[in-house]
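Enquirer: Here's a structure for you.
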Amino acid sequence: MATSFKSVNQLSSTSILIWRLVQGVVWLIGATIFSCLVFYPTLGTLLFWNILIPIAPALIVVALGVWRNVCPLATTNLLPRHFGCSKRKRLSQNQSGKLNLISVLAFFIIVPLRHAVFNTNGVATAALIFSLAMVGFIAGFFYEWKSVWCSGLCPVHPVEKLYGSNVLMSIPNAHCGECQNCVIPCPDSTPNMFPNAFGKSRFHNISGWLITGGLPGFIWGWFHVPDQAGLSSVSSFLSVYEFPIMGFAITLLLFTIITTFLNDSNKRVLIQVYAAASVSCYYWFRIPSLIGFGNFESDGLLINLKGIIPSWIPLGISICTTLFFFFWLIIRKPNNNSWLIRPEFANK
Ligand code: SF4
């Protein structure tokens, strides 16, 4: 099995030290943003929702391995394993598939809540991050490496699988010292990973179907809902789900119908088209909103350039990002890169 991968991870002690330093710096940046969310919520929400999160999808598409190595949540959750305190249990394929399904559902449930709560409430955002970190951290005491959180429950992981199918290059794995084969297939180590790739259970397949088919419409719907701080009733609270669910249902239905007519290789192309459509749709709306040209005036605003630059500039940027992602994910040939290089297998 080891021979089917491109190469083994041969991190020197200097490289490990450098990665630990980078992980520490990024962790401190994360902790600073977290503190801002609690003590300076206006600044914290700006840093988190309007700077960090808008960068994430592009980073996932181009160099997901970098993010997998330095994500502060991953660094936190893997501490028990790094310090030898984990019981290192293994998950069955079914359990792993169920975690994948839960992470997809968590993504679709949490993201609309940004409009209801998180986009405008730094403390609530901090509470969300803290809760997720605690779940992952506790799981790290019991389960091997990334099996439960980074490649299981993390709500960002389904999006990583969809967007990270043709990354620029494979880089060394700066967390797993030796590969314990804790996730099969390991999303970090599988070349050109994509949702459904080698799905081992029906839960994996359902997860892949939901995130791939539903995401483009979900994103489109999400950008048609304004931030609604101070919602007063359950029905107005639930209203933040209406457009995202409608969009989700439409693109999922289309995906389901089209795939019935396709063979496996054309299905793969369709998945790439859906991935490109999702990330392009995100930036199509997100870049204009960052600079004051969004659907809703102050939502997601980083710096207001309205009246300063002509309106064709954000449109031009959106067209360029769309062309870029369609080129990157569909036109470029699959390059056989995995997000990370698999470390040598542990002797067992
Ligand atoms: S590289 Fe090996 S140990 Fe690390 S997450 Fe993947 S399967 Fe688990």
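For the structure tokens, the naming scheme is as follows: chains receive sequential letters (A, B, ...) according to their order of presentation, residues are indexed from 1 within each chain, and ligands are indexed from 1 in presentation order.
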Which neighbours of region 183-188 of chain A fall inside 8 Å, counting only C-alpha atoms, when residues of the same chain fewer than 2 positions from it are skipped, and could you give them as a PyMOL selection string?
Expert: chain A and resi 65+91+93+96+146-147+151+161+181+190+193+198+338-342
Enquirer: Emit the selected residues as a PDB file, in the first residue's frame, including C-alpha atoms.
Expert:
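As a result, again_19.pdb now contains:
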ATOM      1  CA  GLY A  65      -1.628  21.122   2.761  1.00  0.00           C
ATOM      2  CA  LEU A  91     -12.508   4.138  14.074  1.00  0.00           C
ATOM      3  CA  GLN A  93     -15.208   2.619   8.357  1.00  0.00           C
ATOM      4  CA  SER A  96     -15.642   7.362  10.108  1.00  0.00           C
ATOM      5  CA  LYS A 146      -6.636  13.212  12.556  1.00  0.00           C
ATOM      6  CA  SER A 147      -9.255  10.465  12.398  1.00  0.00           C
ATOM      7  CA  SER A 151     -10.574  14.145   8.782  1.00  0.00           C
ATOM      8  CA  LYS A 161     -12.464  17.565   0.064  1.00  0.00           C
ATOM      9  CA  ASN A 181      -3.283   4.448   8.718  1.00  0.00           C
ATOM     10  CA  THR A 190      -4.620  10.525  -1.363  1.00  0.00           C
ATOM     11  CA  MET A 193      -8.766  13.647  -3.255  1.00  0.00           C
ATOM     12  CA  PHE A 198     -13.040   5.553  -2.669  1.00  0.00           C
ATOM     13  CA  SER A 338      -1.985  14.903  -2.417  1.00  0.00           C
ATOM     14  CA  TRP A 339      -2.473  17.676   0.136  1.00  0.00           C
ATOM     15  CA  LEU A 340       0.374  16.303   2.218  1.00  0.00           C
ATOM     16  CA  ILE A 341       3.046  13.666   1.701  1.00  0.00           C
ATOM     17  CA  ARG A 342       2.251  10.567   3.693  1.00  0.00           C
TER      18      ARG A 342
END
Enquirer: When you look at Phe83 (chain A) with a cut-off of 12 Å (counting only C-alpha atoms), what residues show up, excluding the ones that are within fewer than 5 positions of it in the same chain? I need them as a count of residues only.
Expert: 10
Enquirer: Find the spatial neighbours of Pro112 (chain A), counting only C-alpha atoms, within a cut-off of 7 Å - ignore same-chain residues fewer than 6 positions away - and output them as a list in words.
Expert: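 In the requested format, the answer is Trp222, Val240 and Tyr241 of chain A.
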Enquirer: Within 9 Å of region 162-166 of chain A, which residues of region 241-302 of chain A come that close, and what is the closest atom pair and distance in Å for each? Count only C-alpha atoms and give it as a Markdown table.
Expert:
| residue | atom | partner | partner_atom | distance |
| --- | --- | --- | --- | --- |
| A:Ile271 | CA | A:Leu162 | CA | 7.9 |
| A:Gln272 | CA | A:Leu162 | CA | 8.0 |
| A:Tyr274 | CA | A:Leu162 | CA | 8.6 |
| A:Ala275 | CA | A:Tyr163 | CA | 5.8 |
| A:Ala276 | CA | A:Tyr163 | CA | 7.6 |
| A:Ser278 | CA | A:Tyr163 | CA | 8.6 |
| A:Val279 | CA | A:Tyr163 | CA | 7.5 |
Enquirer: Smallest atom-to-atom distance to ligand 1: which of A:Trp19, A:Phe345, A:Phe130, A:Trp67, using only C-alpha atoms and all ligand atoms?
Expert: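 Of A:Trp19, A:Phe345, A:Phe130, A:Trp67, the one nearest ligand 1, counting only C-alpha atoms and all ligand atoms, is A:Phe345.
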Enquirer: Tell me, as a PyMOL selection string, which residues lie within 12 Å of Ser298 (chain A), counting only C-alpha atoms; anything in the same chain fewer than 4 positions away does not count.
Expert: chain A and resi 46+50+119-120+226-228+288-294+302-306
Enquirer: Keeping only N, CA and C atoms, write the selected residues as a PDB file, in the first residue's frame.
Expert:
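Okay, result18.pdb is ready:
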ATOM      1  N   LEU A  46     -14.303  41.501  12.534  1.00  0.00           N
ATOM      2  CA  LEU A  46     -13.680  41.978  11.291  1.00  0.00           C
ATOM      3  C   LEU A  46     -12.508  41.067  10.911  1.00  0.00           C
ATOM      4  N   ASN A  50     -14.057  38.750   8.129  1.00  0.00           N
ATOM      5  CA  ASN A  50     -13.823  39.562   6.927  1.00  0.00           C
ATOM      6  C   ASN A  50     -12.383  39.542   6.429  1.00  0.00           C
ATOM      7  N   ASN A 119     -22.016  36.651  12.607  1.00  0.00           N
ATOM      8  CA  ASN A 119     -21.371  37.762  11.880  1.00  0.00           C
ATOM      9  C   ASN A 119     -21.333  39.049  12.691  1.00  0.00           C
ATOM     10  N   THR A 120     -22.291  39.190  13.584  1.00  0.00           N
ATOM     11  CA  THR A 120     -22.391  40.461  14.316  1.00  0.00           C
ATOM     12  C   THR A 120     -22.123  40.288  15.813  1.00  0.00           C
ATOM     13  N   PRO A 226     -29.580  38.918   4.427  1.00  0.00           N
ATOM     14  CA  PRO A 226     -28.821  39.946   5.157  1.00  0.00           C
ATOM     15  C   PRO A 226     -28.503  39.493   6.573  1.00  0.00           C
ATOM     16  N   ASP A 227     -27.472  40.099   7.148  1.00  0.00           N
ATOM     17  CA  ASP A 227     -27.209  39.876   8.573  1.00  0.00           C
ATOM     18  C   ASP A 227     -28.373  40.444   9.361  1.00  0.00           C
ATOM     19  N   GLN A 228     -28.810  39.677  10.373  1.00  0.00           N
ATOM     20  CA  GLN A 228     -30.016  40.085  11.094  1.00  0.00           C
ATOM     21  C   GLN A 228     -29.788  40.050  12.591  1.00  0.00           C
ATOM     22  N   PRO A 288     -16.967  41.715  -3.797  1.00  0.00           N
ATOM     23  CA  PRO A 288     -17.672  43.007  -3.798  1.00  0.00           C
ATOM     24  C   PRO A 288     -18.135  43.424  -2.398  1.00  0.00           C
ATOM     25  N   SER A 289     -18.617  42.465  -1.596  1.00  0.00           N
ATOM     26  CA  SER A 289     -19.105  42.858  -0.268  1.00  0.00           C
ATOM     27  C   SER A 289     -17.955  43.325   0.637  1.00  0.00           C
ATOM     28  N   LEU A 290     -16.766  42.800   0.425  1.00  0.00           N
ATOM     29  CA  LEU A 290     -15.613  43.241   1.234  1.00  0.00           C
ATOM     30  C   LEU A 290     -15.286  44.708   0.984  1.00  0.00           C
ATOM     31  N   ILE A 291     -15.563  45.190  -0.238  1.00  0.00           N
ATOM     32  CA  ILE A 291     -15.149  46.566  -0.575  1.00  0.00           C
ATOM     33  C   ILE A 291     -16.350  47.492  -0.815  1.00  0.00           C
ATOM     34  N   GLY A 292     -17.484  47.102  -0.233  1.00  0.00           N
ATOM     35  CA  GLY A 292     -18.617  48.034  -0.221  1.00  0.00           C
ATOM     36  C   GLY A 292     -19.581  47.922  -1.381  1.00  0.00           C
ATOM     37  N   PHE A 293     -19.462  46.871  -2.199  1.00  0.00           N
ATOM     38  CA  PHE A 293     -20.351  46.731  -3.352  1.00  0.00           C
ATOM     39  C   PHE A 293     -21.266  45.500  -3.200  1.00  0.00           C
ATOM     40  N   GLY A 294     -21.475  45.073  -1.960  1.00  0.00           N
ATOM     41  CA  GLY A 294     -22.269  43.864  -1.725  1.00  0.00           C
ATOM     42  C   GLY A 294     -23.757  44.105  -1.868  1.00  0.00           C
ATOM     43  N   LEU A 302     -15.139  45.109   4.636  1.00  0.00           N
ATOM     44  CA  LEU A 302     -13.783  45.279   5.170  1.00  0.00           C
ATOM     45  C   LEU A 302     -13.354  46.732   5.014  1.00  0.00           C
ATOM     46  N   ILE A 303     -13.469  47.250   3.783  1.00  0.00           N
ATOM     47  CA  ILE A 303     -13.128  48.661   3.542  1.00  0.00           C
ATOM     48  C   ILE A 303     -14.082  49.189   2.467  1.00  0.00           C
ATOM     49  N   ASN A 304     -14.695  50.319   2.741  1.00  0.00           N
ATOM     50  CA  ASN A 304     -15.719  50.805   1.823  1.00  0.00           C
ATOM     51  C   ASN A 304     -15.108  51.659   0.711  1.00  0.00           C
ATOM     52  N   LEU A 305     -15.109  51.098  -0.486  1.00  0.00           N
ATOM     53  CA  LEU A 305     -14.521  51.822  -1.623  1.00  0.00           C
ATOM     54  C   LEU A 305     -15.607  52.344  -2.561  1.00  0.00           C
ATOM     55  N   LYS A 306     -16.860  52.252  -2.128  1.00  0.00           N
ATOM     56  CA  LYS A 306     -17.951  52.720  -2.993  1.00  0.00           C
ATOM     57  C   LYS A 306     -17.827  54.229  -3.154  1.00  0.00           C
TER      58      LYS A 306
END
Enquirer: Find, counting only C-alpha atoms, the residue in A:Ile330, A:Leu132, A:Leu301, A:Ile309 that gets nearest to Val273 (chain A).
Expert: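 Closest residue, counting only C-alpha atoms: A:Ile330.
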Enquirer: Work out how far CA of Ile102 (chain A) is from CA of Cys154 (chain A), in Å to one decimal.
Expert: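 Separation between CA of Cys154 (chain A) and CA of Ile102 (chain A): 9.0 Å.
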Enquirer: Would you please extract all strand (DSSP E or B) residues from region 44-241 of chain A, as assigned by DSSP on the backbone, and give them as a list of chain:residue names?
Expert: A:Lys89, A:Tyr143, A:Ile171, A:Pro172, A:Cys179
Enquirer: Quick one: write out the picked residues with N, CA and C atoms as a PDB file, in the first residue's frame?
Expert:
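Saved as part.pdb:
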ATOM      1  N   LYS A  89      -7.240   5.297  19.821  1.00  0.00           N
ATOM      2  CA  LYS A  89      -8.204   4.306  19.342  1.00  0.00           C
ATOM      3  C   LYS A  89      -8.424   4.474  17.845  1.00  0.00           C
ATOM      4  N   TYR A 143      -8.647   9.296  20.236  1.00  0.00           N
ATOM      5  CA  TYR A 143      -8.519   8.703  18.898  1.00  0.00           C
ATOM      6  C   TYR A 143      -7.223   9.103  18.205  1.00  0.00           C
ATOM      7  N   ILE A 171       3.027  18.834   0.193  1.00  0.00           N
ATOM      8  CA  ILE A 171       4.083  19.239   1.122  1.00  0.00           C
ATOM      9  C   ILE A 171       4.150  18.229   2.276  1.00  0.00           C
ATOM     10  N   PRO A 172       5.253  18.230   3.017  1.00  0.00           N
ATOM     11  CA  PRO A 172       5.391  17.234   4.089  1.00  0.00           C
ATOM     12  C   PRO A 172       4.302  17.388   5.158  1.00  0.00           C
ATOM     13  N   CYS A 179       2.819   7.328   9.867  1.00  0.00           N
ATOM     14  CA  CYS A 179       1.438   7.072   9.468  1.00  0.00           C
ATOM     15  C   CYS A 179       0.917   5.819  10.164  1.00  0.00           C
TER      16      CYS A 179
END
Enquirer: So how far away is CA of Arg286 (chain A) from CA of Gly44 (chain A), in Å?
Expert: 18.4 Å
Enquirer: Can you tell me which residues surround Leu210 (chain A) at a distance of at most 10 Å, considering only C-alpha atoms, apart from same-chain residues fewer than 2 positions away, and format the answer as a ChimeraX atom specification?
Expert: /A:101,104-105,108,158,195,205-208,212-215,248-249,251-252,255-256
Enquirer: Identify, with DSSP run on backbone atoms, the residues in region 233-343 of chain A assigned to helix (DSSP H, G or I), and express the list as a PyMOL selection string.
Expert: chain A and resi 234-259+264-290+312-331
Enquirer: Now that the selection is made, can you save its residues with C-alpha atoms as an mmCIF file, in the first residue's frame?
Expert:
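This is the output file selection24.cif:
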data_model
loop_
_atom_site.group_PDB
_atom_site.id
_atom_site.type_symbol
_atom_site.label_atom_id
_atom_site.label_comp_id
_atom_site.auth_asym_id
_atom_site.auth_seq_id
_atom_site.Cartn_x
_atom_site.Cartn_y
_atom_site.Cartn_z
ATOM 1 C CA VAL A 234 -38.126 31.648 16.116
ATOM 2 C CA SER A 235 -39.614 32.179 12.661
ATOM 3 C CA SER A 236 -37.338 35.147 11.891
ATOM 4 C CA PHE A 237 -34.436 33.096 13.242
ATOM 5 C CA LEU A 238 -35.295 30.212 10.911
ATOM 6 C CA SER A 239 -35.683 32.632 7.977
ATOM 7 C CA VAL A 240 -31.887 32.703 7.579
ATOM 8 C CA TYR A 241 -32.153 29.122 6.292
ATOM 9 C CA GLU A 242 -34.788 29.724 3.599
ATOM 10 C CA PHE A 243 -32.635 30.908 0.691
ATOM 11 C CA PRO A 244 -29.640 28.639 1.452
ATOM 12 C CA ILE A 245 -31.915 25.585 1.665
ATOM 13 C CA MET A 246 -33.734 26.551 -1.516
ATOM 14 C CA GLY A 247 -30.451 26.955 -3.405
ATOM 15 C CA PHE A 248 -29.105 23.751 -1.860
ATOM 16 C CA ALA A 249 -32.164 21.770 -2.974
ATOM 17 C CA ILE A 250 -32.081 23.095 -6.549
ATOM 18 C CA THR A 251 -28.421 22.345 -7.278
ATOM 19 C CA LEU A 252 -28.580 19.014 -5.441
ATOM 20 C CA LEU A 253 -31.574 17.955 -7.527
ATOM 21 C CA LEU A 254 -29.790 18.978 -10.740
ATOM 22 C CA PHE A 255 -26.645 17.138 -9.654
ATOM 23 C CA THR A 256 -28.643 14.001 -8.880
ATOM 24 C CA ILE A 257 -30.445 14.032 -12.222
ATOM 25 C CA ILE A 258 -27.336 14.750 -14.290
ATOM 26 C CA THR A 259 -25.222 12.066 -12.580
ATOM 27 C CA ASP A 264 -17.661 7.514 -13.593
ATOM 28 C CA SER A 265 -15.144 9.702 -15.397
ATOM 29 C CA ASN A 266 -17.792 12.217 -16.480
ATOM 30 C CA LYS A 267 -19.190 12.195 -12.945
ATOM 31 C CA ARG A 268 -15.749 13.256 -11.771
ATOM 32 C CA VAL A 269 -15.814 16.166 -14.247
ATOM 33 C CA LEU A 270 -19.233 17.167 -12.960
ATOM 34 C CA ILE A 271 -17.885 17.173 -9.392
ATOM 35 C CA GLN A 272 -15.074 19.481 -10.537
ATOM 36 C CA VAL A 273 -17.611 21.780 -12.223
ATOM 37 C CA TYR A 274 -19.647 21.903 -9.005
ATOM 38 C CA ALA A 275 -16.496 22.608 -6.969
ATOM 39 C CA ALA A 276 -15.493 25.441 -9.304
ATOM 40 C CA ALA A 277 -19.048 26.813 -9.297
ATOM 41 C CA SER A 278 -19.140 26.778 -5.487
ATOM 42 C CA VAL A 279 -15.874 28.575 -4.855
ATOM 43 C CA SER A 280 -16.473 31.003 -7.741
ATOM 44 C CA CYS A 281 -19.932 31.803 -6.419
ATOM 45 C CA TYR A 282 -18.396 32.497 -3.010
ATOM 46 C CA TYR A 283 -15.897 35.035 -4.342
ATOM 47 C CA TRP A 284 -18.379 36.441 -6.869
ATOM 48 C CA PHE A 285 -20.373 37.803 -3.956
ATOM 49 C CA ARG A 286 -17.716 38.004 -1.250
ATOM 50 C CA ILE A 287 -15.148 40.252 -2.952
ATOM 51 C CA PRO A 288 -17.672 43.007 -3.798
ATOM 52 C CA SER A 289 -19.105 42.858 -0.268
ATOM 53 C CA LEU A 290 -15.613 43.241 1.234
ATOM 54 C CA TRP A 312 -16.805 47.715 -12.911
ATOM 55 C CA ILE A 313 -13.703 46.986 -10.810
ATOM 56 C CA PRO A 314 -15.366 44.569 -8.339
ATOM 57 C CA LEU A 315 -17.216 43.026 -11.265
ATOM 58 C CA GLY A 316 -13.920 42.614 -13.112
ATOM 59 C CA ILE A 317 -12.299 40.993 -10.063
ATOM 60 C CA SER A 318 -15.238 38.601 -9.694
ATOM 61 C CA ILE A 319 -14.982 37.595 -13.368
ATOM 62 C CA CYS A 320 -11.223 37.029 -12.986
ATOM 63 C CA THR A 321 -11.631 34.855 -9.867
ATOM 64 C CA THR A 322 -14.334 32.813 -11.613
ATOM 65 C CA LEU A 323 -12.097 32.247 -14.645
ATOM 66 C CA PHE A 324 -9.222 31.330 -12.351
ATOM 67 C CA PHE A 325 -11.160 28.705 -10.357
ATOM 68 C CA PHE A 326 -12.697 27.145 -13.479
ATOM 69 C CA PHE A 327 -9.234 26.927 -15.002
ATOM 70 C CA TRP A 328 -7.669 25.592 -11.790
ATOM 71 C CA LEU A 329 -10.254 22.941 -11.003
ATOM 72 C CA ILE A 330 -11.549 21.898 -14.422
ATOM 73 C CA ILE A 331 -9.140 22.745 -17.224
#
Enquirer: Of the residues A:Asn173, A:Ser131, A:Ser86, A:Gln23, which is the one nearest to Glu144 (chain A), using only C-alpha atoms?
Expert: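 The closest residue to Glu144 (chain A) is A:Ser86.
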Enquirer: Find the residues near Thr45 (chain A): any atom within 10 Å, counting only C-alpha atoms, skip ones fewer than 6 places away on the same chain, and give them as an MDAnalysis selection string.
Expert: chainID A and resid 33:34 36:38 51:52 118:123 125:126 300
Enquirer: Quick one: of A:Lys200, A:Ile55, A:Gln180, A:Val167, who's nearest to ligand 1, counting only C-alpha atoms and all ligand atoms?
Expert: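 Using only C-alpha atoms and all ligand atoms, ligand 1 sits closest to A:Gln180.
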Enquirer: Mind giving me the straight-line distance from CA of Ala133 (chain A) to CA of Cys176 (chain A) in Å, one decimal?
Expert: 18.8 Å
Enquirer: Using only C-alpha atoms and all ligand atoms, which of the listed residues (A:Thr14, A:Ser170, A:Ser189, A:Gln95) sits closest to ligand 1?
Expert: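 Answer, going by the shortest atom-to-atom distance: A:Ser189.
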